[in-house]
$ cat upload.pdb   # PDB, C-alpha atoms
ATOM      1  CA  MET A   1    -101.480 238.862   5.808
ATOM      2  CA  ASN A   2    -102.399 240.627   2.605
ATOM      3  CA  GLU A   3    -103.596 244.199   3.161
ATOM      4  CA  LYS A   4    -107.040 243.520   1.691
ATOM      5  CA  TYR A   5    -107.608 240.825   4.323
ATOM      6  CA  ASN A   6    -106.520 242.829   7.406
ATOM      7  CA  HIS A   7    -110.097 243.111   8.679
ATOM      8  CA  LEU A   8    -110.438 239.311   8.949
ATOM      9  CA  THR A   9    -109.707 237.169  11.966
ATOM     10  CA  LYS A  10    -107.143 234.416  11.507
ATOM     11  CA  LYS A  11    -109.925 231.815  11.233
ATOM     12  CA  GLU A  12    -111.789 233.916   8.631
ATOM     13  CA  PHE A  13    -108.549 234.425   6.732
ATOM     14  CA  ILE A  14    -107.864 230.681   6.595
ATOM     15  CA  LEU A  15    -111.438 230.028   5.429
ATOM     16  CA  ARG A  16    -111.002 232.705   2.748
ATOM     17  CA  LEU A  17    -107.811 231.017   1.543
ATOM     18  CA  GLU A  18    -109.613 227.687   1.302
ATOM     19  CA  THR A  19    -112.674 229.004  -0.543
ATOM     20  CA  ALA A  20    -111.697 232.138  -2.473
ATOM     21  CA  ASP A  21    -109.805 232.996  -5.616
ATOM     22  CA  ARG A  22    -106.934 235.235  -4.548
ATOM     23  CA  LEU A  23    -107.005 237.524  -7.570
ATOM     24  CA  THR A  24    -110.723 238.296  -7.783
ATOM     25  CA  SER A  25    -111.890 237.525  -4.215
ATOM     26  CA  THR A  26    -114.673 235.423  -5.725
ATOM     27  CA  LEU A  27    -115.241 231.812  -4.710
ATOM     28  CA  ASN A  28    -112.748 229.343  -6.111
ATOM     29  CA  LYS A  29    -113.639 226.502  -8.461
ATOM     30  CA  ARG A  30    -113.383 223.730  -5.873
ATOM     31  CA  TYR A  31    -115.684 225.482  -3.413
ATOM     32  CA  MET A  32    -118.202 226.376  -6.125
ATOM     33  CA  ILE A  33    -118.436 222.731  -7.193
ATOM     34  CA  GLN A  34    -119.174 221.828  -3.573
ATOM     35  CA  LYS A  35    -121.926 224.499  -3.298
ATOM     36  CA  ILE A  36    -123.567 223.479  -6.600
ATOM     37  CA  THR A  37    -123.512 219.813  -5.548
ATOM     38  CA  GLU A  38    -125.149 220.690  -2.212
ATOM     39  CA  GLU A  39    -127.867 222.704  -3.974
ATOM     40  CA  MET A  40    -128.571 219.945  -6.488
ATOM     41  CA  GLU A  41    -129.217 217.453  -3.703
ATOM     42  CA  THR A  42    -132.283 219.421  -2.572
ATOM     43  CA  LEU A  43    -133.782 220.570  -5.899
ATOM     44  CA  GLU A  44    -136.433 217.917  -6.464
ATOM     45  CA  GLU A  45    -137.556 217.516  -2.863
ATOM     46  CA  GLU A  46    -137.983 221.280  -2.438
ATOM     47  CA  ASN A  47    -139.494 221.832  -5.925
ATOM     48  CA  ARG A  48    -137.027 224.529  -6.952
ATOM     49  CA  TRP A  49    -134.211 225.075  -9.415
ATOM     50  CA  ILE A  50    -130.859 226.701  -9.872
ATOM     51  CA  SER A  51    -129.427 228.458 -12.860
ATOM     52  CA  LEU A  52    -125.808 228.296 -13.853
ATOM     53  CA  MET A  53    -124.332 231.190 -15.822
ATOM     54  CA  MET A  54    -120.846 231.125 -17.280
ATOM     55  CA  ILE A  55    -119.110 234.294 -18.439
ATOM     56  CA  ASP A  56    -116.063 234.351 -20.700
ATOM     57  CA  VAL A  57    -114.078 237.414 -21.778
ATOM     58  CA  ASP A  58    -113.882 237.537 -25.565
ATOM     59  CA  ASN A  59    -110.359 237.864 -26.967
ATOM     60  CA  PHE A  60    -108.748 237.839 -23.525
ATOM     61  CA  LYS A  61    -105.505 236.395 -24.886
ATOM     62  CA  LYS A  62    -105.161 239.341 -27.277
ATOM     63  CA  LEU A  63    -105.574 241.735 -24.350
ATOM     64  CA  ASN A  64    -102.881 239.909 -22.366
ATOM     65  CA  ASP A  65    -100.562 239.892 -25.378
ATOM     66  CA  ARG A  66    -101.101 243.583 -26.101
ATOM     67  CA  PHE A  67    -101.207 245.104 -22.596
ATOM     68  CA  GLY A  68     -99.502 242.435 -20.481
ATOM     69  CA  HIS A  69    -100.673 240.013 -17.814
ATOM     70  CA  LEU A  70    -100.912 242.658 -15.102
ATOM     71  CA  ALA A  71    -103.498 244.508 -17.205
ATOM     72  CA  GLY A  72    -105.316 241.212 -17.747
ATOM     73  CA  ASP A  73    -105.329 240.566 -13.999
ATOM     74  CA  LYS A  74    -106.666 244.075 -13.352
ATOM     75  CA  LEU A  75    -109.429 243.501 -15.897
ATOM     76  CA  LEU A  76    -110.428 240.265 -14.130
ATOM     77  CA  GLU A  77    -110.512 242.012 -10.738
ATOM     78  CA  GLN A  78    -112.686 244.804 -12.150
ATOM     79  CA  LEU A  79    -114.906 242.365 -14.013
ATOM     80  CA  ALA A  80    -115.551 240.449 -10.794
ATOM     81  CA  GLU A  81    -116.739 243.718  -9.218
ATOM     82  CA  VAL A  82    -119.040 244.509 -12.156
ATOM     83  CA  ILE A  83    -120.547 241.023 -11.983
ATOM     84  CA  ARG A  84    -120.973 241.216  -8.195
ATOM     85  CA  LYS A  85    -122.901 244.497  -8.496
ATOM     86  CA  ASN A  86    -125.468 242.734 -10.673
ATOM     87  CA  LEU A  87    -126.075 239.780  -8.374
ATOM     88  CA  SER A  88    -128.290 239.273  -5.359
ATOM     89  CA  ASN A  89    -126.965 238.182  -1.970
ATOM     90  CA  GLU A  90    -128.154 234.632  -2.699
ATOM     91  CA  ASP A  91    -126.216 234.339  -5.961
ATOM     92  CA  LEU A  92    -122.754 232.770  -5.807
ATOM     93  CA  LEU A  93    -119.883 233.906  -8.007
ATOM     94  CA  ALA A  94    -116.692 231.949  -8.683
ATOM     95  CA  ARG A  95    -113.711 232.423 -10.895
ATOM     96  CA  TRP A  96    -113.819 229.278 -12.962
ATOM     97  CA  GLY A  97    -110.339 229.632 -14.352
ATOM     98  CA  GLY A  98    -108.434 231.944 -16.633
ATOM     99  CA  ASP A  99    -110.948 234.482 -17.876
ATOM    100  CA  LYS A 100    -114.102 232.519 -17.019
ATOM    101  CA  PHE A 101    -116.545 233.081 -14.172
ATOM    102  CA  LEU A 102    -119.388 230.832 -13.033
ATOM    103  CA  ILE A 103    -122.491 232.056 -11.224
ATOM    104  CA  MET A 104    -125.102 229.992  -9.411
ATOM    105  CA  LEU A 105    -128.499 231.679  -9.113
ATOM    106  CA  LYS A 106    -131.440 230.277  -7.175
ATOM    107  CA  ASN A 107    -135.070 230.188  -8.362
ATOM    108  CA  GLN A 108    -134.776 232.947 -10.950
ATOM    109  CA  ASN A 109    -136.756 232.748 -14.166
ATOM    110  CA  THR A 110    -135.259 233.014 -17.628
ATOM    111  CA  ASP A 111    -136.130 236.695 -18.029
ATOM    112  CA  LYS A 112    -134.417 237.646 -14.774
ATOM    113  CA  VAL A 113    -131.266 235.625 -15.493
ATOM    114  CA  GLN A 114    -131.131 236.921 -19.052
ATOM    115  CA  GLN A 115    -131.525 240.515 -17.830
ATOM    116  CA  LYS A 116    -128.639 240.048 -15.389
ATOM    117  CA  ALA A 117    -126.484 238.750 -18.247
ATOM    118  CA  TYR A 118    -127.324 241.727 -20.455
ATOM    119  CA  ASN A 119    -126.758 244.178 -17.594
ATOM    120  CA  ILE A 120    -123.303 242.717 -16.981
ATOM    121  CA  GLN A 121    -122.467 242.951 -20.696
ATOM    122  CA  ASP A 122    -123.667 246.560 -20.861
ATOM    123  CA  GLU A 123    -121.752 247.665 -17.770
ATOM    124  CA  VAL A 124    -118.561 246.045 -19.012
ATOM    125  CA  LYS A 125    -118.955 247.656 -22.430
ATOM    126  CA  ASP A 126    -119.581 251.098 -20.893
ATOM    127  CA  PHE A 127    -116.624 250.835 -18.517
ATOM    128  CA  TYR A 128    -114.049 249.428 -20.892
ATOM    129  CA  ASN A 129    -114.944 251.599 -23.856
ATOM    130  CA  THR A 130    -113.611 254.517 -21.811
ATOM    131  CA  HIS A 131    -110.551 252.727 -20.368
ATOM    132  CA  PHE A 132    -109.413 250.130 -22.937
ATOM    133  CA  GLU A 133    -110.393 248.993 -26.346
ATOM    134  CA  GLU A 134    -113.794 247.364 -26.454
ATOM    135  CA  ILE A 135    -114.105 244.376 -24.144
ATOM    136  CA  THR A 136    -117.015 242.017 -24.744
ATOM    137  CA  LEU A 137    -118.367 238.962 -22.962
ATOM    138  CA  SER A 138    -119.848 235.696 -24.154
ATOM    139  CA  ILE A 139    -122.363 234.349 -21.657
ATOM    140  CA  GLY A 140    -124.209 231.048 -21.426
ATOM    141  CA  PHE A 141    -126.796 229.986 -18.879
ATOM    142  CA  ALA A 142    -129.059 227.045 -18.174
ATOM    143  CA  HIS A 143    -131.675 226.130 -15.590
ATOM    144  CA  ILE A 144    -131.225 222.909 -13.631
ATOM    145  CA  TYR A 145    -134.498 221.513 -12.244
ATOM    146  CA  LYS A 146    -133.540 217.994 -11.252
ATOM    147  CA  PRO A 147    -130.505 216.654  -9.490
ATOM    148  CA  ALA A 148    -127.785 215.991 -12.032
ATOM    149  CA  GLN A 149    -124.102 215.433 -12.006
ATOM    150  CA  THR A 150    -122.517 218.759 -11.216
ATOM    151  CA  ARG A 151    -119.867 218.341 -13.903
ATOM    152  CA  LYS A 152    -122.485 217.628 -16.589
ATOM    153  CA  ALA A 153    -124.447 220.751 -15.657
ATOM    154  CA  ILE A 154    -121.285 222.848 -15.800
ATOM    155  CA  ASP A 155    -120.284 221.245 -19.105
ATOM    156  CA  LEU A 156    -123.664 222.309 -20.491
ATOM    157  CA  VAL A 157    -123.082 226.012 -19.767
ATOM    158  CA  ASN A 158    -119.527 225.707 -21.060
ATOM    159  CA  LYS A 159    -120.934 224.362 -24.354
ATOM    160  CA  LEU A 160    -123.285 227.348 -24.475
ATOM    161  CA  ILE A 161    -120.235 229.622 -24.170
ATOM    162  CA  CYS A 162    -118.718 227.833 -27.160
ATOM    163  CA  ILE A 163    -121.915 228.426 -29.140
ATOM    164  CA  ALA A 164    -121.838 232.133 -28.198
ATOM    165  CA  LYS A 165    -118.209 232.415 -29.295
ATOM    166  CA  THR A 166    -118.576 230.537 -32.580
ATOM    167  CA  SER A 167    -121.705 232.531 -33.492
ATOM    168  CA  GLY A 168    -119.915 235.873 -33.287
ATOM    169  CA  LYS A 169    -119.058 236.479 -29.601
ATOM    170  CA  ASN A 170    -120.607 239.122 -27.334
ATOM    171  CA  LYS A 171    -123.775 237.005 -27.061
ATOM    172  CA  VAL A 172    -125.995 235.538 -24.362
ATOM    173  CA  VAL A 173    -126.982 231.939 -25.146
ATOM    174  CA  PHE A 174    -129.383 229.753 -23.141
TER     175      PHE A 174
END
$ encode --input "upload.pdb" --output "structure tokens"
Amino acid sequence: MNEKYNHLTKKEFILRLETADRLTSTLNKRYMIQKITEEMETLEEENRWISLMMIDVDNFKKLNDRFGHLAGDKLLEQLAEVIRKNLSNEDLLARWGGDKFLIMLKNQNTDKVQQKAYNIQDEVKDFYNTHFEEITLSIGFAHIYKPAQTRKAIDLVNKLICIAKTSGKNKVVF
């Protein structure tokens, strides 16, 4: 077993392998899709909503090209920790792939979600300005009030990321 999983029982370790991203110890994409789908099934009947927030590292390829993939991996591990520190216990964080993360937040208004996004951007900027060149994040989020296809909801926040990137990067779009 990997050293960082020594505290887990065999059953917990197997569950971790099935649900977690090995690099960042966040949820994996497949498990996050399952959790979002489960949440969407109860939105209307319980009169609540979820918010989906996607985070993308600006110019990640340049960082990998300049410092190497090990540095890129280390950045992703550290970024996952920064994001985690800004989330509540109810929020779910997944590595979506490459340099993207997806967060599911429950019943949080626009101001609260937006503040979390800005806090994450600020912490990343403060940390990486002292350790690397400037690292910035493009972030998109949307509220989902009615059951929808999970993929369409995720596509929506991915499109918001594209808007953030094409409008100058280092932005929060909702």
$ atom_distance --input "upload.pdb" --atom1 "CA of Ala71 in chain A" --atom2 "CA of Thr19 in chain A"
24.5 Å
$ closest_residue --input "upload.pdb" --among "A:Leu27, A:Ala94, A:Ile135, A:Met104" --to "Asp58 in chain A" --atoms "all atoms listed in the file"
A:Ile135
$ resolve_selection --input "upload.pdb" --expression "the PyMOL selection byres ((chain A and resi 82) around 10)" --output "PyMOL selection string"
chain A and resi 76-81+83-87+119-121+123-124+127
$ resolve_selection --input "upload.pdb" --expression "the PyMOL selection byres ((chain A and resi 157) around 10)" --output "ChimeraX atom specification"
/A:51-55,102,139-143,152-156,158-163,173-174
$ closest_residue --input "upload.pdb" --among "A:Val57, A:Met40, A:Thr24, A:Glu46" --to "Lys74 in chain A" --atoms "all atoms listed in the file"
A:Thr24
$ closest_residue --input "upload.pdb" --among "A:Glu18, A:Asp91, A:Asp122, A:Glu39" --to "Ala148 in chain A" --atoms "all atoms listed in the file"
A:Glu39
$ atom_distance --input "upload.pdb" --atom1 "CA of Gln34 in chain A" --atom2 "CA of Ser88 in chain A"
19.8 Å
$ closest_residue --input "upload.pdb" --among "A:Lys171, A:Ile144, A:Asp99, A:Thr150" --to "Glu44 in chain A" --atoms "only C-alpha atoms"
A:Ile144
$ atom_distance --input "upload.pdb" --atom1 "CA of Glu41 in chain A" --atom2 "CA of Arg151 in chain A"
13.9 Å
$ resolve_selection --input "upload.pdb" --expression "the PyMOL selection byres ((chain A and resi 95) around 7)" --output "number ranges by chain"
A: 21, 26-29, 93-94, 96-97, 100-102
$ closest_residue --input "upload.pdb" --among "A:Leu70, A:Ile103, A:Leu63, A:Leu23" --to "Lys35 in chain A" --atoms "only C-alpha atoms"
A:Ile103
$ residues_around --input "upload.pdb" --residues "Arg48 in chain A" --least-positions-apart "3" --cutoff "7 Å" --atoms "all atoms listed in the file" --output "CSV table (one decimal) with C-alpha atoms, in the frame of the given file"
chain,number,residue,atom,x,y,z
A,43,LEU,CA,-133.8,220.6,-5.9
A,44,GLU,CA,-136.4,217.9,-6.5
A,107,ASN,CA,-135.1,230.2,-8.4
A,145,TYR,CA,-134.5,221.5,-12.2
$ closest_residue --input "upload.pdb" --among "A:Thr110, A:Ser138, A:Asn47, A:Gln149" --to "Ser167 in chain A" --atoms "all atoms listed in the file"
A:Ser138
$ build_atoms --input "upload.pdb" --residues "range 72-83 of chain A" --atoms "all heavy atoms" --output "CSV table (one decimal), in the frame of the given file"
chain,number,residue,atom,x,y,z
A,72,GLY,N,-104.3,242.3,-17.7
A,72,GLY,CA,-105.3,241.2,-17.7
A,72,GLY,C,-105.8,240.9,-16.4
A,72,GLY,O,-107.0,240.7,-16.2
A,73,ASP,N,-104.9,240.8,-15.4
A,73,ASP,CA,-105.3,240.6,-14.0
A,73,ASP,C,-106.2,241.7,-13.5
A,73,ASP,O,-107.2,241.4,-12.8
A,73,ASP,CB,-104.1,240.4,-13.1
A,73,ASP,CG,-103.4,239.1,-13.3
A,73,ASP,OD1,-103.9,238.2,-14.0
A,73,ASP,OD2,-102.3,239.0,-12.7
A,74,LYS,N,-105.9,242.9,-13.8
A,74,LYS,CA,-106.7,244.1,-13.4
A,74,LYS,C,-108.1,244.0,-14.0
A,74,LYS,O,-109.1,244.3,-13.3
A,74,LYS,CB,-106.0,245.4,-13.7
A,74,LYS,CG,-106.6,246.6,-13.1
A,74,LYS,CD,-106.4,246.6,-11.7
A,74,LYS,CE,-106.9,247.9,-11.1
A,74,LYS,NZ,-107.0,247.8,-9.6
A,75,LEU,N,-108.1,243.6,-15.2
A,75,LEU,CA,-109.4,243.5,-15.9
A,75,LEU,C,-110.3,242.5,-15.2
A,75,LEU,O,-111.5,242.7,-14.9
A,75,LEU,CB,-109.3,243.1,-17.4
A,75,LEU,CG,-110.6,242.9,-18.1
A,75,LEU,CD1,-110.4,243.5,-19.5
A,75,LEU,CD2,-111.0,241.5,-18.2
A,76,LEU,N,-109.7,241.3,-14.8
A,76,LEU,CA,-110.4,240.3,-14.1
A,76,LEU,C,-110.9,240.7,-12.8
A,76,LEU,O,-112.0,240.4,-12.4
A,76,LEU,CB,-109.6,239.0,-14.0
A,76,LEU,CG,-109.2,238.3,-15.3
A,76,LEU,CD1,-108.3,237.2,-15.1
A,76,LEU,CD2,-110.5,237.8,-16.0
A,77,GLU,N,-110.1,241.5,-12.0
A,77,GLU,CA,-110.5,242.0,-10.7
A,77,GLU,C,-111.7,243.0,-10.9
A,77,GLU,O,-112.7,242.9,-10.2
A,77,GLU,CB,-109.4,242.8,-10.1
A,77,GLU,CG,-108.3,241.9,-9.5
A,77,GLU,CD,-107.1,242.8,-9.0
A,77,GLU,OE1,-107.2,243.2,-7.8
A,77,GLU,OE2,-106.2,243.2,-9.7
A,78,GLN,N,-111.6,243.9,-11.9
A,78,GLN,CA,-112.7,244.8,-12.2
A,78,GLN,C,-113.9,244.1,-12.7
A,78,GLN,O,-115.1,244.5,-12.3
A,78,GLN,CB,-112.2,245.9,-13.1
A,78,GLN,CG,-111.2,246.8,-12.6
A,78,GLN,CD,-110.5,247.6,-13.7
A,78,GLN,OE1,-110.6,247.3,-14.9
A,78,GLN,NE2,-109.9,248.7,-13.2
A,79,LEU,N,-113.8,243.1,-13.5
A,79,LEU,CA,-114.9,242.4,-14.0
A,79,LEU,C,-115.7,241.7,-12.9
A,79,LEU,O,-116.9,241.7,-12.8
A,79,LEU,CB,-114.5,241.4,-15.1
A,79,LEU,CG,-115.5,240.5,-15.7
A,79,LEU,CD1,-116.7,241.3,-16.3
A,79,LEU,CD2,-114.9,239.5,-16.7
A,80,ALA,N,-114.9,241.1,-11.9
A,80,ALA,CA,-115.6,240.4,-10.8
A,80,ALA,C,-116.4,241.4,-10.0
A,80,ALA,O,-117.5,241.1,-9.6
A,80,ALA,CB,-114.5,239.8,-9.9
A,81,GLU,N,-116.0,242.7,-9.9
A,81,GLU,CA,-116.7,243.7,-9.2
A,81,GLU,C,-118.0,244.1,-10.0
A,81,GLU,O,-119.1,244.2,-9.4
A,81,GLU,CB,-115.9,245.0,-9.0
A,81,GLU,CG,-114.9,244.8,-7.9
A,81,GLU,CD,-115.5,244.4,-6.6
A,81,GLU,OE1,-116.5,245.0,-6.1
A,81,GLU,OE2,-115.0,243.4,-6.0
A,82,VAL,N,-117.9,244.2,-11.3
A,82,VAL,CA,-119.0,244.5,-12.2
A,82,VAL,C,-120.1,243.4,-12.0
A,82,VAL,O,-121.3,243.7,-11.9
A,82,VAL,CB,-118.6,244.7,-13.6
A,82,VAL,CG1,-119.8,244.7,-14.6
A,82,VAL,CG2,-117.8,246.0,-13.8
A,83,ILE,N,-119.6,242.2,-12.1
A,83,ILE,CA,-120.5,241.0,-12.0
A,83,ILE,C,-121.2,241.0,-10.6
A,83,ILE,O,-122.4,240.9,-10.5
A,83,ILE,CB,-119.8,239.7,-12.2
A,83,ILE,CG1,-119.3,239.6,-13.6
A,83,ILE,CG2,-120.7,238.5,-11.9
A,83,ILE,CD1,-118.3,238.4,-13.9
